[in-house]
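Engineer: Handing over query.pdb, PDB, C-alpha atoms, pLDDT in the B column.
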ATOM      1  CA  MET A   1      -3.775  -3.756  -1.337  1.00 38.00           C
ATOM      2  CA  ARG A   2      -2.925  -5.236   2.040  1.00 39.00           C
ATOM      3  CA  ILE A   3      -0.899  -8.440   1.760  1.00 40.00           C
ATOM      4  CA  THR A   4      -1.116 -10.972   4.599  1.00 41.00           C
ATOM      5  CA  ALA A   5       1.423 -13.491   5.844  1.00 38.00           C
ATOM      6  CA  ARG A   6      -0.547 -16.186   4.050  1.00 45.00           C
ATOM      7  CA  ALA A   7       1.164 -15.079   0.851  1.00 43.00           C
ATOM      8  CA  THR A   8       4.331 -16.786   2.041  1.00 46.00           C
ATOM      9  CA  THR A   9       2.720 -20.149   1.353  1.00 50.00           C
ATOM     10  CA  VAL A  10       3.561 -19.678  -2.313  1.00 50.00           C
ATOM     11  CA  ALA A  11       7.234 -20.440  -1.609  1.00 51.00           C
ATOM     12  CA  LEU A  12       7.201 -23.486  -3.867  1.00 54.00           C
ATOM     13  CA  LEU A  13       5.040 -21.971  -6.596  1.00 61.00           C
ATOM     14  CA  PRO A  14       6.350 -20.062  -9.619  1.00 59.00           C
ATOM     15  CA  ALA A  15       8.437 -17.121  -8.460  1.00 54.00           C
ATOM     16  CA  LEU A  16       6.467 -14.819 -10.749  1.00 50.00           C
ATOM     17  CA  LEU A  17       3.445 -15.229  -8.483  1.00 59.00           C
ATOM     18  CA  PHE A  18       5.359 -12.929  -6.163  1.00 52.00           C
ATOM     19  CA  ALA A  19       5.628 -10.416  -8.993  1.00 52.00           C
ATOM     20  CA  ALA A  20       1.871 -10.484  -9.346  1.00 53.00           C
ATOM     21  CA  VAL A  21       1.270  -9.861  -5.629  1.00 50.00           C
ATOM     22  CA  GLY A  22       1.993  -6.143  -5.873  1.00 48.00           C
ATOM     23  CA  CYS A  23       0.471  -5.658  -9.299  1.00 54.00           C
ATOM     24  CA  GLY A  24      -3.236  -5.526  -8.581  1.00 44.00           C
ATOM     25  CA  SER A  25      -5.578  -3.429  -6.474  1.00 39.00           C
ATOM     26  CA  THR A  26      -9.269  -2.642  -6.729  1.00 37.00           C
ATOM     27  CA  ASP A  27      -8.613   1.032  -6.048  1.00 37.00           C
ATOM     28  CA  THR A  28      -5.771   1.562  -8.519  1.00 36.00           C
ATOM     29  CA  PRO A  29      -6.470   2.308 -12.183  1.00 35.00           C
ATOM     30  CA  ALA A  30      -4.598   0.497 -14.935  1.00 35.00           C
ATOM     31  CA  THR A  31      -2.008   3.175 -15.616  1.00 35.00           C
ATOM     32  CA  GLY A  32       0.654   0.927 -17.089  1.00 34.00           C
ATOM     33  CA  LYS A  33       2.757   1.182 -13.929  1.00 33.00           C
ATOM     34  CA  ALA A  34       2.663  -1.498 -11.253  1.00 29.00           C
ATOM     35  CA  PRO A  35       1.641   0.137  -7.940  1.00 28.00           C
ATOM     36  CA  ALA A  36       3.845  -0.335  -4.911  1.00 27.00           C
ATOM     37  CA  PRO A  37       2.393  -2.823  -2.390  1.00 26.00           C
ATOM     38  CA  SER A  38       1.226  -1.516   0.962  1.00 27.00           C
ATOM     39  CA  GLY A  39       0.784  -3.077   4.365  1.00 27.00           C
ATOM     40  CA  SER A  40       3.091  -5.392   6.211  1.00 25.00           C
ATOM     41  CA  ALA A  41       3.557  -9.138   6.332  1.00 27.00           C
ATOM     42  CA  ALA A  42       5.507 -11.442   8.541  1.00 26.00           C
ATOM     43  CA  SER A  43       7.736 -14.161   7.201  1.00 27.00           C
ATOM     44  CA  GLY A  44       6.017 -17.503   7.587  1.00 28.00           C
ATOM     45  CA  ALA A  45       6.832 -20.438   5.324  1.00 29.00           C
ATOM     46  CA  PRO A  46      10.328 -21.860   5.726  1.00 26.00           C
ATOM     47  CA  GLY A  47      12.871 -20.626   3.244  1.00 28.00           C
ATOM     48  CA  THR A  48      11.027 -17.565   1.979  1.00 26.00           C
ATOM     49  CA  GLY A  49      13.879 -15.382   3.185  1.00 27.00           C
ATOM     50  CA  THR A  50      11.716 -12.247   3.281  1.00 25.00           C
ATOM     51  CA  SER A  51       8.237 -10.998   4.049  1.00 27.00           C
ATOM     52  CA  ALA A  52       5.535 -11.331   1.449  1.00 29.00           C
ATOM     53  CA  GLY A  53       5.337  -7.571   1.207  1.00 29.00           C
ATOM     54  CA  ALA A  54       9.047  -7.286   0.535  1.00 29.00           C
ATOM     55  CA  SER A  55       8.801 -10.101  -1.984  1.00 32.00           C
ATOM     56  CA  ALA A  56       6.155  -8.233  -3.897  1.00 33.00           C
ATOM     57  CA  GLY A  57       8.084  -5.009  -3.738  1.00 32.00           C
ATOM     58  CA  ALA A  58      11.207  -6.615  -5.143  1.00 32.00           C
ATOM     59  CA  ALA A  59       9.336  -8.146  -8.038  1.00 36.00           C
ATOM     60  CA  SER A  60       6.822  -5.473  -8.959  1.00 39.00           C
ATOM     61  CA  GLY A  61       7.317  -1.930 -10.187  1.00 41.00           C
ATOM     62  CA  ALA A  62       8.577  -2.901 -13.631  1.00 43.00           C
ATOM     63  CA  PRO A  63       5.858  -4.082 -16.016  1.00 44.00           C
ATOM     64  CA  ALA A  64       6.756  -6.191 -19.005  1.00 45.00           C
ATOM     65  CA  VAL A  65       7.985  -4.084 -21.892  1.00 45.00           C
ATOM     66  CA  PRO A  66       6.379  -4.973 -25.236  1.00 44.00           C
ATOM     67  CA  LYS A  67       8.852  -6.534 -27.646  1.00 48.00           C
ATOM     68  CA  ALA A  68       9.323  -4.854 -31.011  1.00 50.00           C
ATOM     69  CA  GLY A  69      10.826  -8.075 -32.313  1.00 59.00           C
ATOM     70  CA  GLY A  70      11.955 -10.867 -30.029  1.00 77.00           C
ATOM     71  CA  THR A  71      11.470 -14.580 -30.403  1.00 90.00           C
ATOM     72  CA  LYS A  72       8.192 -16.190 -31.389  1.00 92.00           C
ATOM     73  CA  LEU A  73       7.669 -17.175 -27.745  1.00 95.00           C
ATOM     74  CA  GLU A  74       8.253 -13.624 -26.524  1.00 94.00           C
ATOM     75  CA  ARG A  75       5.721 -12.334 -29.037  1.00 94.00           C
ATOM     76  CA  ALA A  76       3.297 -15.002 -27.813  1.00 96.00           C
ATOM     77  CA  SER A  77       3.608 -13.944 -24.154  1.00 96.00           C
ATOM     78  CA  LEU A  78       1.385 -11.455 -22.383  1.00 96.00           C
ATOM     79  CA  GLU A  79       2.595  -7.858 -22.067  1.00 95.00           C
ATOM     80  CA  GLN A  80       1.425  -4.848 -20.078  1.00 94.00           C
ATOM     81  CA  GLY A  81      -1.641  -3.383 -21.800  1.00 95.00           C
ATOM     82  CA  ASP A  82      -2.871  -6.719 -23.182  1.00 97.00           C
ATOM     83  CA  LEU A  83      -5.428  -7.152 -20.392  1.00 96.00           C
ATOM     84  CA  PRO A  84      -7.403  -4.166 -19.036  1.00 96.00           C
ATOM     85  CA  GLY A  85      -7.717  -4.427 -15.267  1.00 95.00           C
ATOM     86  CA  TYR A  86      -4.489  -6.418 -14.848  1.00 96.00           C
ATOM     87  CA  GLN A  87      -0.858  -5.527 -14.253  1.00 93.00           C
ATOM     88  CA  ILE A  88       1.706  -7.758 -15.973  1.00 94.00           C
ATOM     89  CA  SER A  89       5.325  -8.135 -14.891  1.00 89.00           C
ATOM     90  CA  SER A  90       8.298  -9.961 -16.385  1.00 86.00           C
ATOM     91  CA  GLN A  91      10.442  -9.642 -13.250  1.00 78.00           C
ATOM     92  CA  ALA A  92      10.691 -12.445 -10.701  1.00 70.00           C
ATOM     93  CA  ASN A  93      11.554 -12.020  -7.038  1.00 66.00           C
ATOM     94  CA  PRO A  94      15.264 -12.920  -6.645  1.00 68.00           C
ATOM     95  CA  ASN A  95      14.609 -14.102  -3.080  1.00 65.00           C
ATOM     96  CA  ALA A  96      11.972 -16.629  -4.109  1.00 70.00           C
ATOM     97  CA  PRO A  97      13.089 -20.175  -4.972  1.00 71.00           C
ATOM     98  CA  HIS A  98      13.723 -20.736  -8.672  1.00 77.00           C
ATOM     99  CA  GLY A  99      14.064 -23.838 -10.814  1.00 79.00           C
ATOM    100  CA  GLN A 100      12.408 -27.202 -11.188  1.00 84.00           C
ATOM    101  CA  PRO A 101      10.893 -28.724  -8.010  1.00 88.00           C
ATOM    102  CA  GLN A 102      11.632 -32.401  -7.422  1.00 91.00           C
ATOM    103  CA  ALA A 103       8.692 -34.546  -6.321  1.00 94.00           C
ATOM    104  CA  ASP A 104       9.013 -37.261  -3.708  1.00 95.00           C
ATOM    105  CA  LYS A 105       6.945 -39.590  -5.940  1.00 96.00           C
ATOM    106  CA  LYS A 106       7.983 -40.260  -9.533  1.00 96.00           C
ATOM    107  CA  ALA A 107       4.366 -40.421 -10.693  1.00 97.00           C
ATOM    108  CA  CYS A 108       3.817 -36.875  -9.397  1.00 97.00           C
ATOM    109  CA  GLN A 109       6.846 -35.238 -11.034  1.00 96.00           C
ATOM    110  CA  PRO A 110       4.786 -33.756 -13.924  1.00 96.00           C
ATOM    111  CA  LEU A 111       2.703 -31.882 -11.320  1.00 95.00           C
ATOM    112  CA  ALA A 112       5.843 -30.655  -9.555  1.00 92.00           C
ATOM    113  CA  ASP A 113       7.219 -29.471 -12.910  1.00 91.00           C
ATOM    114  CA  ALA A 114       4.126 -27.324 -13.343  1.00 90.00           C
ATOM    115  CA  MET A 115       4.777 -25.612  -9.998  1.00 84.00           C
ATOM    116  CA  GLY A 116       8.237 -24.257 -10.778  1.00 80.00           C
ATOM    117  CA  ASP A 117       9.370 -21.393 -12.980  1.00 78.00           C
ATOM    118  CA  LYS A 118      11.372 -23.846 -15.099  1.00 81.00           C
ATOM    119  CA  PRO A 119       9.278 -26.620 -16.690  1.00 85.00           C
ATOM    120  CA  ASP A 120      10.359 -30.145 -17.584  1.00 88.00           C
ATOM    121  CA  PRO A 121      13.655 -30.597 -19.479  1.00 89.00           C
ATOM    122  CA  ALA A 122      11.862 -31.250 -22.788  1.00 94.00           C
ATOM    123  CA  ALA A 123      10.972 -27.554 -23.010  1.00 94.00           C
ATOM    124  CA  ARG A 124      13.186 -25.782 -25.557  1.00 95.00           C
ATOM    125  CA  GLU A 125      12.432 -22.241 -24.385  1.00 94.00           C
ATOM    126  CA  SER A 126      10.185 -20.640 -21.760  1.00 93.00           C
ATOM    127  CA  VAL A 127       8.938 -17.105 -21.092  1.00 93.00           C
ATOM    128  CA  ASN A 128       7.393 -16.207 -17.713  1.00 91.00           C
ATOM    129  CA  ARG A 129       4.950 -13.524 -16.632  1.00 92.00           C
ATOM    130  CA  GLY A 130       3.359 -12.475 -13.336  1.00 90.00           C
ATOM    131  CA  ILE A 131      -0.202 -11.134 -13.541  1.00 93.00           C
ATOM    132  CA  GLY A 132      -2.045  -9.237 -10.805  1.00 92.00           C
ATOM    133  CA  SER A 133      -5.725  -8.393 -10.870  1.00 92.00           C
ATOM    134  CA  GLN A 134      -6.840  -4.837 -10.113  1.00 91.00           C
ATOM    135  CA  ARG A 135     -10.446  -5.976  -9.821  1.00 90.00           C
ATOM    136  CA  GLN A 136     -10.129  -8.900  -7.411  1.00 89.00           C
ATOM    137  CA  VAL A 137      -7.899  -8.038  -4.474  1.00 86.00           C
ATOM    138  CA  GLY A 138      -5.090 -10.541  -4.015  1.00 88.00           C
ATOM    139  CA  LEU A 139      -5.667 -12.587  -7.167  1.00 92.00           C
ATOM    140  CA  ALA A 140      -2.265 -13.518  -8.618  1.00 91.00           C
ATOM    141  CA  VAL A 141      -1.611 -15.538 -11.756  1.00 93.00           C
ATOM    142  CA  ALA A 142       1.686 -16.921 -13.060  1.00 91.00           C
ATOM    143  CA  ALA A 143       1.831 -17.532 -16.813  1.00 93.00           C
ATOM    144  CA  THR A 144       4.541 -19.522 -18.576  1.00 93.00           C
ATOM    145  CA  VAL A 145       4.678 -20.125 -22.326  1.00 96.00           C
ATOM    146  CA  SER A 146       7.047 -22.907 -23.420  1.00 96.00           C
ATOM    147  CA  SER A 147       8.016 -24.385 -26.770  1.00 97.00           C
ATOM    148  CA  TYR A 148       8.328 -28.149 -27.350  1.00 97.00           C
ATOM    149  CA  SER A 149       8.367 -30.544 -30.222  1.00 97.00           C
ATOM    150  CA  GLU A 150       4.707 -31.339 -30.848  1.00 97.00           C
ATOM    151  CA  SER A 151       5.195 -34.951 -29.769  1.00 98.00           C
ATOM    152  CA  ASP A 152       6.780 -33.836 -26.473  1.00 98.00           C
ATOM    153  CA  ALA A 153       3.975 -31.323 -25.906  1.00 98.00           C
ATOM    154  CA  LYS A 154       1.351 -34.038 -26.393  1.00 98.00           C
ATOM    155  CA  ARG A 155       3.277 -36.354 -24.080  1.00 98.00           C
ATOM    156  CA  LEU A 156       3.375 -33.648 -21.403  1.00 97.00           C
ATOM    157  CA  VAL A 157      -0.403 -33.222 -21.350  1.00 97.00           C
ATOM    158  CA  SER A 158      -0.863 -36.997 -21.221  1.00 98.00           C
ATOM    159  CA  ARG A 159       1.577 -37.311 -18.319  1.00 97.00           C
ATOM    160  CA  LEU A 160      -0.227 -34.555 -16.423  1.00 98.00           C
ATOM    161  CA  ARG A 161      -3.544 -36.373 -16.747  1.00 98.00           C
ATOM    162  CA  GLN A 162      -1.935 -39.564 -15.469  1.00 98.00           C
ATOM    163  CA  ALA A 163      -0.294 -37.711 -12.577  1.00 98.00           C
ATOM    164  CA  ILE A 164      -3.557 -36.090 -11.479  1.00 98.00           C
ATOM    165  CA  ALA A 165      -5.197 -39.513 -11.382  1.00 98.00           C
ATOM    166  CA  ALA A 166      -2.273 -41.050  -9.473  1.00 98.00           C
ATOM    167  CA  CYS A 167      -1.558 -38.249  -6.988  1.00 97.00           C
ATOM    168  CA  GLY A 168      -4.925 -37.375  -5.521  1.00 96.00           C
ATOM    169  CA  GLY A 169      -3.590 -38.134  -2.059  1.00 95.00           C
ATOM    170  CA  GLY A 170      -0.896 -35.519  -2.459  1.00 95.00           C
ATOM    171  CA  PHE A 171       2.882 -35.317  -2.746  1.00 95.00           C
ATOM    172  CA  SER A 172       5.855 -33.273  -1.575  1.00 93.00           C
ATOM    173  CA  ALA A 173       8.298 -31.280  -3.664  1.00 90.00           C
ATOM    174  CA  THR A 174      11.723 -29.801  -2.936  1.00 88.00           C
ATOM    175  CA  ILE A 175      13.418 -26.830  -4.579  1.00 84.00           C
ATOM    176  CA  GLU A 176      16.623 -25.141  -3.396  1.00 81.00           C
ATOM    177  CA  LYS A 177      16.523 -27.330  -0.255  1.00 81.00           C
ATOM    178  CA  GLN A 178      13.025 -26.085   0.606  1.00 81.00           C
ATOM    179  CA  THR A 179      10.243 -28.642   0.838  1.00 84.00           C
ATOM    180  CA  GLY A 180       6.512 -28.115   0.690  1.00 84.00           C
ATOM    181  CA  SER A 181       3.552 -30.366   0.100  1.00 90.00           C
ATOM    182  CA  TYR A 182       0.535 -30.403  -2.194  1.00 92.00           C
ATOM    183  CA  LYS A 183      -2.587 -32.215  -1.074  1.00 93.00           C
ATOM    184  CA  ASP A 184      -6.089 -32.819  -2.391  1.00 95.00           C
ATOM    185  CA  VAL A 185      -5.057 -32.910  -6.053  1.00 97.00           C
ATOM    186  CA  LYS A 186      -8.274 -32.912  -8.081  1.00 97.00           C
ATOM    187  CA  ALA A 187      -9.089 -32.606 -11.787  1.00 98.00           C
ATOM    188  CA  ALA A 188     -11.077 -29.453 -12.557  1.00 97.00           C
ATOM    189  CA  SER A 189     -13.291 -28.498 -15.464  1.00 96.00           C
ATOM    190  CA  TYR A 190     -12.022 -25.518 -17.464  1.00 97.00           C
ATOM    191  CA  LYS A 191     -12.799 -24.454 -21.028  1.00 93.00           C
ATOM    192  CA  THR A 192      -9.976 -23.312 -23.294  1.00 93.00           C
ATOM    193  CA  GLY A 193      -9.506 -22.789 -27.014  1.00 90.00           C
ATOM    194  CA  GLY A 194      -6.312 -24.802 -27.447  1.00 94.00           C
ATOM    195  CA  ASP A 195      -5.766 -28.188 -29.077  1.00 97.00           C
ATOM    196  CA  GLU A 196      -6.079 -29.858 -25.672  1.00 97.00           C
ATOM    197  CA  SER A 197      -5.879 -28.872 -22.038  1.00 97.00           C
ATOM    198  CA  VAL A 198      -5.834 -30.178 -18.493  1.00 98.00           C
ATOM    199  CA  SER A 199      -6.807 -28.393 -15.296  1.00 98.00           C
ATOM    200  CA  TRP A 200      -6.582 -29.234 -11.608  1.00 98.00           C
ATOM    201  CA  THR A 201      -6.723 -27.786  -8.114  1.00 97.00           C
ATOM    202  CA  THR A 202      -4.548 -28.492  -5.117  1.00 95.00           C
ATOM    203  CA  THR A 203      -3.731 -27.135  -1.668  1.00 92.00           C
ATOM    204  CA  ALA A 204      -0.150 -25.950  -1.224  1.00 88.00           C
ATOM    205  CA  VAL A 205       1.098 -26.362   2.347  1.00 85.00           C
ATOM    206  CA  ALA A 206       4.151 -24.683   3.864  1.00 76.00           C
ATOM    207  CA  GLY A 207       4.612 -24.929   7.610  1.00 75.00           C
ATOM    208  CA  ASP A 208       1.275 -24.269   9.310  1.00 76.00           C
ATOM    209  CA  ALA A 209      -0.159 -22.252   6.428  1.00 76.00           C
ATOM    210  CA  SER A 210      -1.847 -23.352   3.220  1.00 83.00           C
ATOM    211  CA  ALA A 211      -3.145 -21.910  -0.046  1.00 86.00           C
ATOM    212  CA  GLN A 212      -5.773 -23.024  -2.551  1.00 91.00           C
ATOM    213  CA  VAL A 213      -4.236 -23.198  -6.031  1.00 93.00           C
ATOM    214  CA  HIS A 214      -5.743 -23.630  -9.511  1.00 96.00           C
ATOM    215  CA  LEU A 215      -3.653 -24.679 -12.516  1.00 96.00           C
ATOM    216  CA  VAL A 216      -4.434 -24.852 -16.224  1.00 98.00           C
ATOM    217  CA  VAL A 217      -2.111 -26.295 -18.876  1.00 98.00           C
ATOM    218  CA  VAL A 218      -3.019 -25.790 -22.537  1.00 98.00           C
ATOM    219  CA  ARG A 219      -1.327 -27.192 -25.643  1.00 98.00           C
ATOM    220  CA  GLN A 220      -1.502 -25.396 -28.985  1.00 97.00           C
ATOM    221  CA  GLY A 221       0.605 -27.377 -31.437  1.00 97.00           C
ATOM    222  CA  GLY A 222       4.080 -27.514 -29.899  1.00 97.00           C
ATOM    223  CA  THR A 223       3.469 -24.568 -27.566  1.00 97.00           C
ATOM    224  CA  VAL A 224       2.401 -25.202 -23.979  1.00 97.00           C
ATOM    225  CA  VAL A 225       0.849 -22.556 -21.720  1.00 97.00           C
ATOM    226  CA  ARG A 226       0.868 -23.007 -17.929  1.00 96.00           C
ATOM    227  CA  LEU A 227      -1.367 -20.788 -15.802  1.00 96.00           C
ATOM    228  CA  THR A 228      -1.336 -20.894 -11.993  1.00 93.00           C
ATOM    229  CA  ALA A 229      -3.687 -18.847  -9.795  1.00 93.00           C
ATOM    230  CA  LEU A 230      -4.180 -18.223  -6.089  1.00 89.00           C
ATOM    231  CA  ASN A 231      -5.439 -15.437  -3.852  1.00 88.00           C
ATOM    232  CA  VAL A 232      -2.521 -14.094  -1.831  1.00 81.00           C
ATOM    233  CA  ALA A 233      -4.806 -11.861   0.253  1.00 81.00           C
ATOM    234  CA  ALA A 234      -6.925 -14.842   1.337  1.00 80.00           C
ATOM    235  CA  ALA A 235      -4.899 -17.961   0.695  1.00 72.00           C
ATOM    236  CA  GLY A 236      -7.626 -20.266   1.973  1.00 77.00           C
ATOM    237  CA  GLN A 237     -10.089 -18.879  -0.547  1.00 84.00           C
ATOM    238  CA  LYS A 238     -10.753 -20.824  -3.717  1.00 89.00           C
ATOM    239  CA  ALA A 239      -9.023 -19.252  -6.720  1.00 91.00           C
ATOM    240  CA  GLN A 240      -9.483 -19.741 -10.434  1.00 95.00           C
ATOM    241  CA  VAL A 241      -7.502 -18.657 -13.470  1.00 97.00           C
ATOM    242  CA  PRO A 242      -9.633 -15.834 -14.958  1.00 97.00           C
ATOM    243  CA  GLN A 243     -11.157 -16.873 -18.280  1.00 97.00           C
ATOM    244  CA  GLU A 244     -10.085 -13.614 -19.938  1.00 97.00           C
ATOM    245  CA  VAL A 245      -6.456 -14.269 -18.981  1.00 97.00           C
ATOM    246  CA  ALA A 246      -6.479 -17.759 -20.493  1.00 98.00           C
ATOM    247  CA  ASP A 247      -8.333 -16.560 -23.600  1.00 97.00           C
ATOM    248  CA  LYS A 248      -5.972 -13.650 -24.223  1.00 97.00           C
ATOM    249  CA  GLN A 249      -2.894 -15.808 -23.696  1.00 97.00           C
ATOM    250  CA  LEU A 250      -4.132 -18.412 -26.183  1.00 97.00           C
ATOM    251  CA  GLU A 251      -5.060 -15.670 -28.643  1.00 97.00           C
ATOM    252  CA  LYS A 252      -1.477 -14.367 -28.569  1.00 97.00           C
ATOM    253  CA  VAL A 253      -0.039 -17.875 -28.958  1.00 97.00           C
ATOM    254  CA  LYS A 254      -2.186 -18.481 -32.044  1.00 95.00           C
ATOM    255  CA  ARG A 255      -1.365 -15.077 -33.502  1.00 93.00           C
ATOM    256  CA  ALA A 256       2.378 -15.690 -33.062  1.00 91.00           C
ATOM    257  CA  GLY A 257       1.985 -18.796 -35.237  1.00 80.00           C
TER     258      GLY A 257
END
Once more with this new file: its structure as structure tokens, please.

Structural biologist:
Amino acid sequence: MRITARATTVALLPALLFAAVGCGSTDTPATGKAPAPSGSAASGAPGTGTSAGASAGAASGAPAVPKAGGTKLERASLEQGDLPGYQISSQANPNAPHGQPQADKKACQPLADAMGDKPDPAARESVNRGIGSQRQVGLAVAATVSSYSESDAKRLVSRLRQAIAACGGGFSATIEKQTGSYKDVKAASYKTGGDESVSWTTTAVAGDASAQVHLVVVRQGGTVVRLTALNVAAAGQKAQVPQEVADKQLEKVKRAG
């Protein structure tokens, strides 16, 4: 898979998206090992600190190892082998920004929370995964499963709906002194099997590059799943969280109890 410089526009998205960059290729079978990325990429967005190719290389190569025991949340998270045609990684790129982005508008903070690898402070525990498609070149998905009190989980979904309605014109977010912007925030239709869900699209902008992003947040009791998708090989191309990824993730959440 050849990765272009457009991949650097994900600087303010979950760091595990970088892990997914090197995980998928249409000409690589699902062997259980994440293939090494090929091609070259120039550093573009401010603060990335490395090329997109190097970012992928640092984060891929070590698929998630299935847990024999682990916490309920770990058992509820996707592991390598759960999804044929996808590579799944639990390793994040250490050079990518980590933490909770801070929005420039208070009303938009719930949307900024969804962009980082650490959700809002009400989350008690979170487990992250990076998912790369071997069927659709460049498709990368970040998956985060977080536990909340059920009342906090319901409040989160409500706040996201309010933020989407209030922030259609866009907002900026800063993480580790790096700032990017998100414009054209729009509610999107997406079917899930959880108790309730919310979905939206936005355009992430870093420097003179941009990327189309699709996000889905699903609540199942007190567990919240966040899924973020974009195409790192063609950042301007519309991306969508694959239905089979969302379905499998919700299946594991329900099975974990």

Engineer: Could you list, as a tab-separated table (two decimals) with C-alpha atoms, in the frame of the given file, every residue matched by the PyMOL selection byres ((chain A and resi 228) around 9) in this structure?

Structural biologist:
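expr_26.tsv written:
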chain	number	residue	atom	x	y	z
A	13	LEU	CA	5.04	-21.97	-6.60
A	14	PRO	CA	6.35	-20.06	-9.62
A	17	LEU	CA	3.44	-15.23	-8.48
A	114	ALA	CA	4.13	-27.32	-13.34
A	115	MET	CA	4.78	-25.61	-10.00
A	140	ALA	CA	-2.26	-13.52	-8.62
A	141	VAL	CA	-1.61	-15.54	-11.76
A	142	ALA	CA	1.69	-16.92	-13.06
A	143	ALA	CA	1.83	-17.53	-16.81
A	144	THR	CA	4.54	-19.52	-18.58
A	213	VAL	CA	-4.24	-23.20	-6.03
A	214	HIS	CA	-5.74	-23.63	-9.51
A	215	LEU	CA	-3.65	-24.68	-12.52
A	216	VAL	CA	-4.43	-24.85	-16.22
A	217	VAL	CA	-2.11	-26.30	-18.88
A	226	ARG	CA	0.87	-23.01	-17.93
A	227	LEU	CA	-1.37	-20.79	-15.80
A	229	ALA	CA	-3.69	-18.85	-9.80
A	230	LEU	CA	-4.18	-18.22	-6.09
A	240	GLN	CA	-9.48	-19.74	-10.43
A	241	VAL	CA	-7.50	-18.66	-13.47

Engineer: Given the file above and the PyMOL selection byres ((chain A and resi 151-167) around 8), which residues are selected, and can you give them as an MDAnalysis selection string?

Structural biologist: chainID A and resid 107:111 122 148:150 168:171 185:187 196:198 200 217:219 221:224

Engineer: Given the file shown, enumerate the residues that the PyMOL selection byres ((chain A and resi 125) around 10) captures and present them as a PDB file with C-alpha atoms, in the coordinates of the input.

Structural biologist:
ATOM      1  CA  THR A  71      11.470 -14.580 -30.403  1.00 90.00           C
ATOM      2  CA  LEU A  73       7.669 -17.175 -27.745  1.00 95.00           C
ATOM      3  CA  GLU A  74       8.253 -13.624 -26.524  1.00 94.00           C
ATOM      4  CA  LYS A 118      11.372 -23.846 -15.099  1.00 81.00           C
ATOM      5  CA  PRO A 119       9.278 -26.620 -16.690  1.00 85.00           C
ATOM      6  CA  PRO A 121      13.655 -30.597 -19.479  1.00 89.00           C
ATOM      7  CA  ALA A 122      11.862 -31.250 -22.788  1.00 94.00           C
ATOM      8  CA  ALA A 123      10.972 -27.554 -23.010  1.00 94.00           C
ATOM      9  CA  ARG A 124      13.186 -25.782 -25.557  1.00 95.00           C
ATOM     10  CA  SER A 126      10.185 -20.640 -21.760  1.00 93.00           C
ATOM     11  CA  VAL A 127       8.938 -17.105 -21.092  1.00 93.00           C
ATOM     12  CA  VAL A 145       4.678 -20.125 -22.326  1.00 96.00           C
ATOM     13  CA  SER A 146       7.047 -22.907 -23.420  1.00 96.00           C
ATOM     14  CA  SER A 147       8.016 -24.385 -26.770  1.00 97.00           C
ATOM     15  CA  TYR A 148       8.328 -28.149 -27.350  1.00 97.00           C
ATOM     16  CA  THR A 223       3.469 -24.568 -27.566  1.00 97.00           C
TER      17      THR A 223
END

Engineer: Do you have the atom CA of A:Gln80-atom CA of A:Val232 distance handy?

Structural biologist: 20.8 Å

Engineer: When you draw a straight line from atom CA of A:His98 to atom CA of A:Asp117, how long is it in Å?

Structural biologist: 6.2 Å

Engineer: For atom CA of A:Leu78 and atom CA of A:Arg129, determine how far apart the two atoms are, in Å to one decimal place.

Structural biologist: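 If I compute the distance from atom CA of A:Leu78 to atom CA of A:Arg129, I get 7.1 Å.
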
Engineer: Let me make sure I understand: among A:Gly99, A:Val225, A:Asn231, A:Ala173, which one has the smallest atom-to-atom distance to A:Ala206 if we use all atoms listed in the file?

Structural biologist: A:Ala173

Engineer: Of the residues A:Ala239, A:Ala211, A:Ala188, A:Ala103, which is the one nearest to A:Thr174, using only C-alpha atoms?

Structural biologist: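 Among the listed residues, the smallest separation from A:Thr174 belongs to A:Ala103.
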
Engineer: Extract, using all atoms listed in the file, all DNA, RNA and protein residues at most 12 Å from A:Gly193, discarding same-chain residues fewer than 6 positions from it, and format them as a list in words.

Structural biologist: Val217, Val218, Arg219, Gln220, Gly221, Val225, Gln243, Glu244, Ala246, Asp247, Lys248, Gln249, Leu250, Glu251, Lys252, Val253 and Lys254 of chain A

Engineer: Rank A:Ala76, A:Gly81, A:Gly70, A:Ile88 by their smallest atom-to-atom distance to A:Arg255, using all atoms listed in the file, and report the top residue only.

Structural biologist: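 Smallest distance to A:Arg255 is found for A:Ala76.
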
Engineer: My list of candidates is A:Thr201, A:Ser210, A:Ser133, A:Ser172. Which is closest to A:Ser189 when distances are computed with all atoms listed in the file?

Structural biologist: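 Residue with the minimum atom-to-atom distance to A:Ser189: A:Thr201.
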